[in-house]
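Structure file entry_29.cif with mmCIF, C-alpha atoms:
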data_final
#
loop_
_atom_site.label_atom_id
_atom_site.label_comp_id
_atom_site.auth_asym_id
_atom_site.auth_seq_id
_atom_site.Cartn_x
_atom_site.Cartn_y
_atom_site.Cartn_z
CA MET S 1 125.51 119.66 -92.75
CA THR S 2 122.67 122.02 -91.82
CA LYS S 3 120.82 121.12 -88.64
CA THR S 4 117.03 121.35 -88.79
CA ILE S 5 115.29 124.04 -86.75
CA THR S 6 112.81 122.68 -84.19
CA ASP S 7 112.10 125.90 -82.28
CA LEU S 8 109.43 127.45 -84.49
CA PRO S 9 108.64 129.88 -85.90
CA ILE S 10 111.91 130.56 -87.73
CA LYS S 11 112.81 134.17 -87.00
CA ALA S 12 114.01 135.95 -90.13
CA GLY S 13 115.40 139.31 -91.16
CA ILE S 14 115.72 140.86 -94.61
CA VAL S 15 118.42 143.17 -95.95
CA GLY S 16 116.72 145.15 -98.71
CA THR S 17 113.26 146.42 -99.60
CA GLY S 18 113.06 145.83 -103.36
CA PHE S 19 111.06 143.41 -105.50
CA ALA S 20 112.63 140.19 -104.22
CA ALA S 21 112.51 141.37 -100.59
CA LYS S 22 108.77 142.07 -100.86
CA LEU S 23 108.07 138.59 -102.17
CA ARG S 24 110.25 137.04 -99.47
CA ALA S 25 108.34 139.00 -96.84
CA GLN S 26 104.97 137.85 -98.20
CA THR S 27 105.97 134.21 -97.86
CA LEU S 28 107.41 134.70 -94.39
CA GLN S 29 104.16 136.39 -93.35
CA THR S 30 101.85 133.67 -94.67
CA ASP S 31 103.84 130.60 -93.53
CA SER S 32 103.08 129.79 -89.88
CA ARG S 33 106.56 128.27 -89.52
CA SER S 34 108.28 131.64 -90.01
CA HIS S 35 108.16 135.16 -88.65
CA LEU S 36 109.71 138.32 -90.13
CA VAL S 37 111.38 140.03 -87.20
CA ALA S 38 113.32 142.90 -88.79
CA VAL S 39 114.26 144.65 -92.03
CA CYS S 40 116.87 147.21 -93.05
CA GLY S 41 117.07 149.22 -96.24
CA HIS S 42 118.88 152.03 -98.03
CA THR S 43 116.09 154.61 -97.94
CA PRO S 44 114.53 155.31 -94.49
CA ALA S 45 111.06 156.27 -95.75
CA LYS S 46 110.82 153.28 -98.10
CA THR S 47 112.09 150.96 -95.37
CA GLN S 48 109.50 152.24 -92.90
CA ASP S 49 106.72 151.72 -95.45
CA PHE S 50 108.00 148.20 -96.08
CA ALA S 51 108.01 147.44 -92.34
CA GLU S 52 104.47 148.75 -91.87
CA THR S 53 103.20 146.77 -94.87
CA HIS S 54 104.74 143.52 -93.70
CA GLY S 55 104.26 143.92 -89.94
CA THR S 56 107.90 144.04 -88.92
CA THR S 57 110.41 146.44 -87.36
CA VAL S 58 113.21 148.54 -88.84
CA VAL S 59 116.86 148.34 -87.83
CA ASP S 60 119.31 151.02 -88.89
CA SER S 61 121.88 148.93 -90.79
CA TRP S 62 122.64 145.47 -92.11
CA GLN S 63 125.37 145.23 -89.48
CA GLN S 64 122.73 145.58 -86.75
CA LEU S 65 120.41 143.16 -88.50
CA VAL S 66 122.91 140.29 -88.79
CA GLU S 67 123.79 140.70 -85.09
CA HIS S 68 120.13 140.74 -84.02
CA PRO S 69 119.97 138.23 -81.15
CA GLU S 70 116.54 136.85 -82.11
CA LEU S 71 117.25 136.02 -85.74
CA ASP S 72 117.79 132.50 -87.08
CA LEU S 73 117.86 133.39 -90.77
CA VAL S 74 119.00 136.37 -92.89
CA PHE S 75 117.79 137.07 -96.43
CA ILE S 76 120.11 139.25 -98.53
CA SER S 77 118.21 141.16 -101.21
CA THR S 78 120.40 144.19 -101.77
CA ILE S 79 123.11 145.46 -104.14
CA ASN S 80 125.34 142.76 -105.62
CA ARG S 81 128.59 144.28 -104.36
CA ASP S 82 127.59 143.70 -100.73
CA HIS S 83 126.28 140.12 -100.92
CA GLY S 84 129.53 138.45 -99.88
CA THR S 85 130.31 140.88 -97.07
CA ILE S 86 126.85 140.58 -95.52
CA ALA S 87 126.77 136.80 -95.92
CA ARG S 88 130.12 136.46 -94.14
CA ALA S 89 129.00 138.66 -91.24
CA ALA S 90 125.72 136.78 -90.91
CA LEU S 91 127.42 133.36 -90.91
CA ASN S 92 129.94 134.54 -88.33
CA ALA S 93 126.99 135.72 -86.22
CA GLY S 94 125.55 132.19 -86.32
CA LYS S 95 122.73 132.85 -88.79
CA HIS S 96 121.48 130.79 -91.71
CA VAL S 97 121.81 132.79 -94.96
CA VAL S 98 119.82 133.07 -98.17
CA THR S 99 121.06 135.47 -100.84
CA GLU S 100 120.06 136.44 -104.34
CA TYR S 101 122.71 135.58 -106.91
CA PRO S 102 125.61 136.16 -107.11
CA LEU S 103 126.92 134.97 -103.75
CA SER S 104 129.85 137.35 -104.29
CA LEU S 105 131.42 139.26 -107.15
CA ASP S 106 134.64 137.30 -106.44
CA PRO S 107 134.64 133.49 -106.92
CA LYS S 108 137.41 132.99 -104.34
CA ASP S 109 135.37 134.91 -101.78
CA ALA S 110 132.35 132.76 -102.66
CA GLU S 111 134.36 129.57 -102.12
CA SER S 112 135.52 130.76 -98.72
CA LEU S 113 131.92 131.52 -97.75
CA ILE S 114 130.90 127.96 -98.59
CA THR S 115 133.74 126.69 -96.41
CA LEU S 116 132.65 129.00 -93.58
CA ALA S 117 129.01 127.89 -93.81
CA ASN S 118 130.06 124.24 -93.65
CA ALA S 119 132.25 124.91 -90.64
CA LYS S 120 129.41 126.72 -88.87
CA GLY S 121 126.82 124.10 -89.80
CA LYS S 122 124.62 126.80 -91.33
CA LEU S 123 122.58 126.96 -94.49
CA LEU S 124 124.05 129.09 -97.27
CA HIS S 125 121.56 129.14 -100.15
CA VAL S 126 121.91 131.14 -103.36
CA GLU S 127 118.62 131.81 -105.13
CA HIS S 128 118.46 130.59 -108.72
CA ILE S 129 114.76 130.80 -109.55
CA GLU S 130 115.54 130.50 -113.27
CA LEU S 131 115.82 126.75 -112.62
CA LEU S 132 112.27 126.70 -111.22
CA GLY S 133 110.75 128.68 -114.10
CA GLY S 134 108.68 127.34 -116.96
CA LEU S 135 111.30 128.03 -119.65
CA HIS S 136 114.01 126.01 -117.94
CA GLN S 137 111.67 123.19 -117.04
CA ALA S 138 110.43 123.00 -120.64
CA LEU S 139 114.02 123.01 -121.91
CA ARG S 140 115.04 120.21 -119.60
CA GLN S 141 112.04 118.04 -120.48
CA SER S 142 112.39 118.63 -124.24
CA LEU S 143 116.17 118.22 -124.67
CA PRO S 144 116.08 114.41 -125.18
CA LYS S 145 113.81 114.92 -128.19
CA ILE S 146 116.49 116.67 -130.28
CA GLY S 147 119.26 114.10 -129.91
CA GLU S 148 122.80 115.33 -129.28
CA PRO S 149 122.86 119.12 -128.63
CA VAL S 150 125.57 120.82 -130.68
CA TYR S 151 124.79 124.55 -130.53
CA ALA S 152 122.74 126.82 -128.24
CA ARG S 153 122.01 130.53 -128.19
CA TYR S 154 120.40 132.72 -125.54
CA VAL S 155 119.60 136.40 -126.08
CA THR S 156 118.11 138.77 -123.51
CA ILE S 157 117.74 142.44 -124.42
CA ALA S 158 116.00 144.95 -122.13
CA PRO S 159 115.49 148.51 -123.47
CA LYS S 160 115.43 151.30 -120.87
CA HIS S 161 114.53 154.88 -121.87
CA PRO S 162 115.90 156.66 -119.99
CA ALA S 163 118.30 154.34 -118.20
CA PRO S 164 117.79 154.67 -114.43
CA ARG S 165 120.61 156.10 -112.37
CA GLY S 166 120.37 153.20 -109.96
CA TRP S 167 122.63 150.41 -108.74
CA THR S 168 121.73 148.02 -111.57
CA PHE S 169 123.33 150.52 -113.96
CA ASN S 170 126.46 151.02 -111.85
CA LEU S 171 129.55 148.89 -112.61
CA GLU S 172 130.84 148.89 -109.04
CA LEU S 173 127.52 148.03 -107.39
CA PHE S 174 126.13 145.72 -110.09
CA GLY S 175 129.34 144.02 -111.15
CA PHE S 176 130.35 142.65 -114.54
CA PRO S 177 127.03 141.89 -116.29
CA PHE S 178 127.49 138.13 -116.69
CA ILE S 179 128.38 137.89 -112.98
CA ALA S 180 125.50 140.13 -111.96
CA ALA S 181 123.06 138.35 -114.30
CA LEU S 182 124.46 134.93 -113.38
CA SER S 183 121.27 133.11 -114.37
CA ARG S 184 122.18 133.59 -118.05
CA ILE S 185 125.21 131.36 -117.55
CA HIS S 186 123.66 129.08 -114.95
CA ARG S 187 120.96 127.87 -117.34
CA PHE S 188 123.75 126.44 -119.50
CA THR S 189 125.92 124.92 -116.79
CA ASP S 190 122.84 123.27 -115.27
CA LEU S 191 121.84 121.73 -118.63
CA PHE S 192 125.20 121.01 -120.25
CA GLY S 193 127.77 120.65 -117.45
CA GLU S 194 131.44 121.62 -117.43
CA VAL S 195 132.83 124.49 -119.51
CA ALA S 196 136.22 124.04 -121.22
CA SER S 197 136.84 127.62 -122.41
CA VAL S 198 135.17 131.01 -122.74
CA TYR S 199 135.47 134.14 -124.83
CA CYS S 200 133.66 137.42 -124.24
CA GLN S 201 133.29 140.94 -125.62
CA SER S 202 131.62 143.78 -123.73
CA GLN S 203 130.75 147.42 -124.27
CA PHE S 204 129.41 150.10 -121.94
CA TRP S 205 128.03 153.49 -122.88
CA ASP S 206 128.58 156.70 -120.85
CA ALA S 207 130.31 154.87 -117.99
CA ALA S 208 132.84 157.53 -116.96
CA ASP S 209 131.47 157.79 -113.37
CA GLN S 210 130.66 154.05 -112.97
CA TYR S 211 127.04 154.66 -114.00
CA PHE S 212 126.29 153.56 -117.57
CA THR S 213 123.32 154.19 -119.85
CA ALA S 214 123.62 150.87 -121.69
CA CYS S 215 125.68 147.70 -121.75
CA LEU S 216 126.15 144.86 -124.20
CA CYS S 217 127.97 141.60 -123.49
CA ASN S 218 128.40 138.71 -125.88
CA ALA S 219 129.94 135.41 -124.76
CA GLN S 220 130.90 132.13 -126.33
CA LEU S 221 131.19 129.02 -124.15
CA ARG S 222 132.70 125.74 -125.30
CA PHE S 223 131.54 122.84 -123.14
CA THR S 224 133.48 119.65 -122.51
CA CYS S 225 130.51 117.73 -123.97
CA GLY S 226 131.23 119.44 -127.31
CA LEU S 227 128.38 121.95 -127.32
CA ILE S 228 129.10 125.58 -128.27
CA ALA S 229 126.88 128.28 -126.78
CA ASP S 230 126.46 131.97 -127.57
CA ILE S 231 124.98 134.23 -124.90
CA THR S 232 124.04 137.88 -125.42
CA TYR S 233 122.96 140.22 -122.62
CA GLY S 234 122.12 143.85 -123.24
CA LYS S 235 120.10 146.57 -121.55
CA GLY S 236 119.63 150.31 -121.54
CA GLU S 237 119.19 153.20 -123.94
CA MET S 238 120.93 151.64 -126.96
CA PHE S 239 118.13 149.11 -127.45
CA TRP S 240 114.55 149.43 -128.67
CA GLN S 241 113.20 145.89 -128.88
CA ARG S 242 112.81 143.57 -125.88
CA LEU S 243 114.04 140.03 -126.58
CA ARG S 244 114.15 136.80 -124.59
CA ASN S 245 115.04 134.02 -127.02
CA PHE S 246 116.59 130.63 -126.31
CA GLU S 247 117.39 128.02 -128.94
CA VAL S 248 119.12 124.64 -128.84
CA HIS S 249 120.10 122.77 -132.01
CA GLY S 250 120.60 119.02 -131.90
CA ASN S 251 121.36 116.38 -134.50
CA GLN S 252 117.69 115.33 -134.49
CA GLY S 253 115.87 118.63 -134.08
CA THR S 254 115.73 122.17 -132.70
CA LEU S 255 114.16 123.77 -129.63
CA LEU S 256 113.13 127.38 -130.13
CA PHE S 257 111.73 129.57 -127.35
CA GLU S 258 110.69 133.17 -128.00
CA GLY S 259 109.45 134.79 -124.83
CA ASP S 260 106.98 132.30 -123.35
CA GLN S 261 106.31 130.54 -126.66
CA GLY S 262 108.18 127.32 -127.35
CA ASN S 263 108.43 125.00 -130.36
CA LEU S 264 110.05 121.66 -131.13
CA ILE S 265 111.16 121.59 -134.77
CA LYS S 266 111.96 118.27 -136.45
CA ALA S 267 112.21 117.84 -140.24
CA GLU S 268 109.05 119.47 -141.65
CA GLU S 269 107.12 119.25 -138.38
CA THR S 270 106.76 121.95 -135.71
CA LYS S 271 105.12 121.14 -132.37
CA PRO S 272 104.31 123.76 -129.72
CA ILE S 273 105.85 123.35 -126.25
CA GLU S 274 103.90 124.45 -123.23
CA VAL S 275 105.83 126.92 -121.07
CA ALA S 276 104.55 127.64 -117.56
CA GLY S 277 104.54 131.19 -116.25
CA ARG S 278 107.16 132.87 -114.09
CA ARG S 279 104.92 134.14 -111.31
CA GLY S 280 105.46 132.93 -107.76
CA LEU S 281 109.04 131.73 -108.09
CA PHE S 282 110.52 133.80 -105.23
CA LEU S 283 107.68 132.59 -103.03
CA LYS S 284 108.45 129.00 -104.02
CA ASP S 285 112.18 129.46 -103.34
CA THR S 286 111.42 130.92 -99.88
CA ALA S 287 109.01 128.11 -99.02
CA MET S 288 111.61 125.53 -100.08
CA VAL S 289 114.16 127.17 -97.78
CA ILE S 290 111.73 126.90 -94.85
CA ASP S 291 111.03 123.25 -95.73
CA HIS S 292 114.77 122.57 -95.79
CA LEU S 293 115.37 124.19 -92.42
CA VAL S 294 112.38 122.51 -90.74
CA LYS S 295 112.24 119.09 -92.43
CA GLY S 296 115.66 118.72 -94.10
CA THR S 297 114.05 118.61 -97.56
CA PRO S 298 116.72 118.92 -100.29
CA LEU S 299 116.93 122.23 -102.11
CA TYR S 300 116.69 122.52 -105.88
CA VAL S 301 120.18 123.98 -106.38
CA SER S 302 123.51 123.64 -104.59
CA THR S 303 125.69 126.56 -103.58
CA VAL S 304 128.68 124.67 -105.02
CA ASP S 305 127.00 124.65 -108.45
CA SER S 306 126.26 128.36 -108.17
CA CYS S 307 129.91 129.00 -107.27
CA TYR S 308 131.07 127.00 -110.29
CA THR S 309 128.90 129.12 -112.56
CA LEU S 310 130.37 132.22 -110.90
CA LYS S 311 133.85 130.99 -111.86
CA VAL S 312 132.70 130.63 -115.48
CA ALA S 313 131.24 134.16 -115.40
CA ASP S 314 134.48 135.51 -113.93
CA GLY S 315 136.33 133.86 -116.80
CA LEU S 316 134.10 135.85 -119.14
CA ARG S 317 134.98 139.04 -117.24
CA GLU S 318 138.68 138.25 -117.63
CA SER S 319 138.24 137.50 -121.33
CA ALA S 320 136.43 140.79 -121.94
CA ALA S 321 139.20 142.67 -120.12
CA THR S 322 142.09 140.98 -121.93
CA GLY S 323 140.58 140.26 -125.34
CA HIS S 324 141.68 136.62 -125.09
CA ALA S 325 139.89 133.31 -124.76
CA ILE S 326 140.20 131.83 -121.27
CA ALA S 327 140.73 128.11 -120.68
CA LEU S 328 138.86 126.84 -117.60
CA ILE S 329 140.23 123.29 -117.51
#
What do you get writing this file as C-alpha cells?
Amino acid sequence: MTKTITDLPIKAGIVGTGFAAKLRAQTLQTDSRSHLVAVCGHTPAKTQDFAETHGTTVVDSWQQLVEHPELDLVFISTINRDHGTIARAALNAGKHVVTEYPLSLDPKDAESLITLANAKGKLLHVEHIELLGGLHQALRQSLPKIGEPVYARYVTIAPKHPAPRGWTFNLELFGFPFIAALSRIHRFTDLFGEVASVYCQSQFWDAADQYFTACLCNAQLRFTCGLIADITYGKGEMFWQRLRNFEVHGNQGTLLFEGDQGNLIKAEETKPIEVAGRRGLFLKDTAMVIDHLVKGTPLYVSTVDSCYTLKVADGLRESAATGHAIALI
C-alpha cells in the first residue's frame, strides 16, 4: 500500500522531453503541492530548452535522475523499450513511479515490477488516459442502451508522409504495435473483461534495419462474455486517410463513433451522442497522481489491469509471429 506524502511539495523528475513530458511539467509547475526538480533527455539542446521553459535543472542521464537524492517521484516519458528498466531502477532507489504505457514490453517483467512496487510500498502508476477521454466515457455510458454486446470493431489509421525515422517507427524501441499502442486493447478489456483467445496478423514495410515506413496490425479477440472484437492499427506511408472509428453492435442497437462524432442507432432511429474533447488528459492524470500521493485518493486505473492488457497484447504478438490463434485461459 502506498503511503501518503506529507512533506510537500512533492519533488519530481521527468525522463523525457516530448509531448507527454511537457504536459506533465506544466501540471507540476502549476500545482503548489509539487515541484519539478530535474529532467533528462536524449538530445542535449532540446533538454536544455525544456529545462529553461519549465524552470528546472538538467541531469545527464536517467540513471542519475532516478538516484537524485531529492526526488520523491519519477515520471517516465521516453522510448517504450526502456520503461521497465527505468521503472525498476527508480523503485529500487525508493522513488514513486509514473510511466506512460506500456509498463514494459515483457509482461513477466511488468508483473515483477508490480511485486517490487508493493514490496517497497511505492506507487507504480501506468498512464491510460484513453479511459479518461470523451470517447471512452461516452462508450461506457451508452453501452446499456444497446442490450447485450455481440461484436465490436475499432480502427485507427494514421498516415505519415514521409514516415519519420524516429523511435515510434523502430521495432526495437517502439515494440510490437499492439503492445506499444496498448490503449487500443485496453479500451476493450476495460469495457468487456477477460479475453479467452486472440488471433493477429501484422505487416511491416521497409523494416530491414528495425526502422519501418509503415505497419499494419489486425487482431481478433474473443471474450469470455461471448463478444468478438476486431481491432486494426496502421500508420505510415502506406495510408492516405486518417481514421478513428469505434463501433459496438448489441442485440438492441448499435453504437457508432467516427472521430469525435457518436450515434446510437436503434431500429429506424439515430440519436447523436455527445463526445467530450481529448484536451487536458495528461494534466488530469498528473493531478490525480498528486491527489493520490497527498490524500490517498483512488486512481482511475490499476497497474494490475494494465498488466493484464499487456498479457493480451503479448498474445497478439505471439499469434502474429506463429500464425496461430493463442488461447489465454
Output of the PyMOL selection byres ((chain S and resi 262) around 9), listed as a ChimeraX atom specification: /S:135,138,255-261,263-264,271-275
Expansion of the PyMOL selection byres ((chain S and resi 209-212) around 9) into residues, as a list of chain:residue names: S:Ala163, S:Arg165, S:Gly166, S:Trp167, S:Thr168, S:Phe169, S:Asn170, S:Leu171, S:Glu172, S:Leu173, S:Phe204, S:Trp205, S:Asp206, S:Ala207, S:Ala208, S:Thr213, S:Ala214, S:Cys215, S:Gly236
Interatomic distance, CA of Thr2 in chain S to CA of Glu70 in chain S (Å, one decimal):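 CA of Glu70 in chain S lies at a distance of 18.8 Å from CA of Thr2 in chain S.
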Exercise: Val58 in chain S partners within 8 Å, all atoms listed in the file, chain neighbours under 2 positions left out, as a list in words: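 Here the qualifying residues turn out to be Ala38, Val39, Cys40, Thr47, Gln48, Ala51, Thr56 and Asp60 of chain S.
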Same residues, C-alpha atoms, output as a PDB file, keeping the file's coordinate frame:
ATOM      1  CA  ALA S  38     113.320 142.900 -88.790  1.00  0.00           C
ATOM      2  CA  VAL S  39     114.260 144.650 -92.030  1.00  0.00           C
ATOM      3  CA  CYS S  40     116.870 147.210 -93.050  1.00  0.00           C
ATOM      4  CA  THR S  47     112.090 150.960 -95.370  1.00  0.00           C
ATOM      5  CA  GLN S  48     109.500 152.240 -92.900  1.00  0.00           C
ATOM      6  CA  ALA S  51     108.010 147.440 -92.340  1.00  0.00           C
ATOM      7  CA  THR S  56     107.900 144.040 -88.920  1.00  0.00           C
ATOM      8  CA  ASP S  60     119.310 151.020 -88.890  1.00  0.00           C
TER       9      ASP S  60
END
Nearest-residue call for Val150 in chain S, choices S:Gly16, S:Pro162, S:Gly250, S:Pro69, using only C-alpha atoms: S:Gly250
Spatial neighbours of range 130-132 of chain S, max dist 7 Å, only C-alpha atoms, sep filter under 3 positions, as a list of chain:residue names: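 In the requested format, the answer is S:His136, S:Gln137, S:Ser183, S:Leu281.
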How would the residues just chosen look if you wrote them out with C-alpha atoms as a compact mmCIF listing (two decimals), in the coordinates of the input?
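That gives us again.txt:
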# COMPACT_ATOMS: atom_id res chain seq x y z
CA HIS S 136 114.01 126.01 -117.94
CA GLN S 137 111.67 123.19 -117.04
CA SER S 183 121.27 133.11 -114.37
CA LEU S 281 109.04 131.73 -108.09
Who sits within 6 Å of range 295-307 of chain S, all atoms listed in the file, same chain under 3 positions skipped, as a PyMOL selection string: chain S and resi 125-126+291-292+310
Long-range neighbours of Cys217 in chain S as an MDAnalysis selection string, 9 Å cut-off, only C-alpha atoms, 5 positions minimum in chain: chainID S and resid 177:178 200:204 231:234 320
Please tabulate, as a Markdown table, the residues of range 107-179 of chain S that come within 8 Å of range 82-95 of chain S, each with its closest pair of atoms and the distance in Å to one decimal, counting all atoms listed in the file and ordering rows by chain, then residue number upward.
| residue | atom | partner | partner_atom | distance |
| --- | --- | --- | --- | --- |
| S:Asp109 | CA | S:Gly84 | CA | 7.1 |
| S:Ala110 | CA | S:Gly84 | CA | 6.9 |
| S:Leu113 | CA | S:Arg88 | CA | 6.4 |
| S:Leu116 | CA | S:Leu91 | CA | 7.3 |
| S:Ala117 | CA | S:Leu91 | CA | 6.4 |
| S:Lys120 | CA | S:Gly94 | CA | 7.2 |
| S:Lys122 | CA | S:Lys95 | CA | 6.8 |
| S:Leu173 | CA | S:Asp82 | CA | 7.9 |
Which residue of S:Ile5, S:Arg153, S:Ile179, S:Glu148 approaches Gly226 in chain S most closely, using only C-alpha atoms: S:Glu148
How big is the axis-aligned box, and where does its centre sit, when it encloses all atoms of range 128-138 of chain S listed in the file and has 4 Å added on every side, reported in Å to one decimal as AutoDock Vina command-line options?
--center_x 113.6 --center_y 126.9 --center_z -114.7 --size_x 17.8 --size_y 15.8 --size_z 19.9
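For the choices S:Thr17, S:Asn245, S:Ser32, S:Gln252, the atom-to-atom distance to Ala45 in chain S is smallest for S:Thr17 when using only C-alpha atoms.
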For Asp230 in chain S: contacts at 7 Å, only C-alpha atoms, fewer than 4 positions along chain excluded, given as JSON, numbers by chain: {"S": [152, 153, 154, 219, 220, 221]}
Can I get the selected residues back with C-alpha atoms, as a PDB file, in the coordinates of the input?
ATOM      1  CA  ALA S 152     122.740 126.820-128.240  1.00  0.00           C
ATOM      2  CA  ARG S 153     122.010 130.530-128.190  1.00  0.00           C
ATOM      3  CA  TYR S 154     120.400 132.720-125.540  1.00  0.00           C
ATOM      4  CA  ALA S 219     129.940 135.410-124.760  1.00  0.00           C
ATOM      5  CA  GLN S 220     130.900 132.130-126.330  1.00  0.00           C
ATOM      6  CA  LEU S 221     131.190 129.020-124.150  1.00  0.00           C
TER       7      LEU S 221
END
Distance of CA of Leu139 in chain S from CA of Ala327 in chain S, expressed in Å to one decimal place: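 Between CA of Ala327 in chain S and CA of Leu139 in chain S the gap works out to 27.2 Å.
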Which residue of S:Asn118, S:Gln64, S:Thr78, S:Ser34 approaches Lys3 in chain S most closely, using all atoms listed in the file: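 Among the listed residues, the smallest separation from Lys3 in chain S belongs to S:Asn118.
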